[in-house]
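Colleague: Let me begin by handing over the structure; questions about it come next.
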Amino acid sequence: MAEPEESRPQAVTVIGWLWVVLGVLFLLRTLVNMILWRILKPDMLGFLETFGGVPPAQQRFLRPLFEHLGALQTVEATLSAAVIVIASGLLRLYPWARKGIQLVCWLVLAAVAAFGAFWVWLCGSVAAAVPASSASSFERFGLVAGLAICLAVGAGLAVMIALLASSRVREAFRHTPPASR
């Protein structure tokens with residue numbers, strides 16, 4: 001099927017290929033993680049119990065995560081494959097794909113915001129566990145760097161959402177020839 005590149009805005013091309021590449025990378029990473037988890041799972045829960053450096057508050061969250069990691073990775077692989085399909089549809093200017101990628105952007109934006117809140121909590125709990133005299137500028141830098149990355153990713157997602165909602169992009173999806181749909 002020929003791609004309607006002449007009528008496709010450059011923003012759609014960039015966003016579409018970005019999500020295809022990210023989807024493929026996440027899918028491959030998840031498949032490798034699934035293989036490694038099959039190998040490590042029998043020892044991981046015992047390792048968690050003997051690992052003295054993890055405070056009980058974090059162990060409370062890590063145990064259920066490790067117990068259900070296979071299912072979570074299956075969901076992640078499925079979502080990655082779905083993103084690849086939606087992004088491919090975006091590159092072909094299917095109207096449903098524009099809305100689908102916007103939804104993906106909103107969901108990832110929500111996940112980035114949740115991760116930012118988690119990062120603040122994690123850095124705060126680590127700082128509380130370490131004596132103030134031994135807190136280094138590196139630990140404070142971790143908080144700032146993590147939040148800066150979250151803000152940069154969030155800004156990129158917001159730009160994608162805005163570009164996909166722009167009148168020029170919406171118009172390109174309306175006037176795609178029926179043969180290329």
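Every chain in the structure tokens has a letter given in the order shown (A, B, ...), and although residue numbers restart at 1 in each chain, ligands are simply numbered from 1 in the order shown.
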Could you give me, as a PDB file with N, CA and C atoms, in the first residue's frame, the residues within 8 Å of Thr30 of chain A, counting only C-alpha atoms and dropping anything in the same chain fewer than 3 positions from it?
Modeller:
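Below is the file out00.pdb, written as the result:
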```pdb
ATOM      1  N   PHE A  26      10.115  -0.764  22.793  1.00  0.00           N
ATOM      2  CA  PHE A  26       9.456  -1.241  24.012  1.00  0.00           C
ATOM      3  C   PHE A  26       9.033  -2.705  23.872  1.00  0.00           C
ATOM      4  N   LEU A  27       8.576  -3.094  22.691  1.00  0.00           N
ATOM      5  CA  LEU A  27       8.186  -4.485  22.488  1.00  0.00           C
ATOM      6  C   LEU A  27       9.394  -5.410  22.610  1.00  0.00           C
ATOM      7  N   ASN A  33      12.845  -8.884  28.593  1.00  0.00           N
ATOM      8  CA  ASN A  33      12.536  -8.924  30.026  1.00  0.00           C
ATOM      9  C   ASN A  33      11.724 -10.165  30.393  1.00  0.00           C
ATOM     10  N   MET A  34      10.802 -10.544  29.529  1.00  0.00           N
ATOM     11  CA  MET A  34       9.989 -11.731  29.801  1.00  0.00           C
ATOM     12  C   MET A  34      10.857 -12.994  29.844  1.00  0.00           C
ATOM     13  N   GLN A  73       4.195  -7.657  32.184  1.00  0.00           N
ATOM     14  CA  GLN A  73       4.994  -7.613  30.958  1.00  0.00           C
ATOM     15  C   GLN A  73       4.184  -8.058  29.746  1.00  0.00           C
ATOM     16  N   GLU A  76       2.235  -5.067  28.827  1.00  0.00           N
ATOM     17  CA  GLU A  76       3.115  -4.084  28.187  1.00  0.00           C
ATOM     18  C   GLU A  76       3.440  -4.485  26.751  1.00  0.00           C
ATOM     19  N   ALA A  77       3.686  -5.759  26.503  1.00  0.00           N
ATOM     20  CA  ALA A  77       3.970  -6.222  25.136  1.00  0.00           C
ATOM     21  C   ALA A  77       2.749  -6.009  24.237  1.00  0.00           C
TER      22      ALA A  77
END
```
Colleague: If we count only C-alpha atoms and set the cut-off at 10 Å, which residues sit around Val104 of chain A, ignoring sequence neighbours fewer than 5 positions away in its own chain? Please answer as JSON, numbers by chain.
Modeller: {"A": [19, 79, 82, 83, 86, 87, 98, 99, 109, 110, 157, 161]}
Colleague: Which of these residues is nearest to Arg29 of chain A, using only C-alpha atoms: A:Phe141, A:Ser80, A:Gly146, A:Leu72?
Modeller: A:Ser80
Colleague: Between A:Pro95, A:Leu25, A:Gly154, A:Gly142, which has the minimum distance to Leu107 of chain A (counting only C-alpha atoms)?
Modeller: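 Of the candidates, the smallest distance to Leu107 of chain A is held by A:Gly154.
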Colleague: Which residues are near Leu18 of chain A? Cut-off 12 Å, only C-alpha atoms, ignore same chain within fewer than 5 positions. Put them as an MDAnalysis selection string.
Modeller: chainID A and resid 11:13 23:25 83:84 86:88 90:91 101 105 156:157 160
Colleague: Would you compute the distance between atom CA of Gly116 of chain A and atom CA of Leu151 of chain A? Give it in Å to one decimal.
Modeller: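 Distance reported for this atom pair: 8.5 Å.
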Colleague: Could you jot down the atom CA of Phe173 of chain A to atom CA of Trp17 of chain A separation for me, Å, one decimal place?
Modeller: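 About the pair atom CA of Phe173 of chain A and atom CA of Trp17 of chain A: they are 16.8 Å apart.
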Colleague: Can you work out the spacing between atom CA of Val169 of chain A and atom CA of Ala152 of chain A in Å, to one decimal?
Modeller: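 Atom CA of Val169 of chain A sits 23.3 Å away from atom CA of Ala152 of chain A.
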Colleague: Cys150 of chain A: which residues within 10 Å, counting only C-alpha atoms, same-chain residues fewer than 3 positions away excluded, as a list in words?
Modeller: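 Skipping anything fewer than 3 positions along the chain leaves Leu109, Ala111, Val112, Ala113, Ala114, Phe115, Gly116, Ala117, Trp119, Val144, Ala145, Gly146, Leu147, Val153, Gly154, Ala155 and Gly156 of chain A.
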Colleague: Between A:Leu65, A:Ala172, A:Val108, A:Ala81, which one has atoms that come closest to Leu31 of chain A, using only C-alpha atoms?
Modeller: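 That would be A:Ala81, the residue with the smallest distance to Leu31 of chain A.
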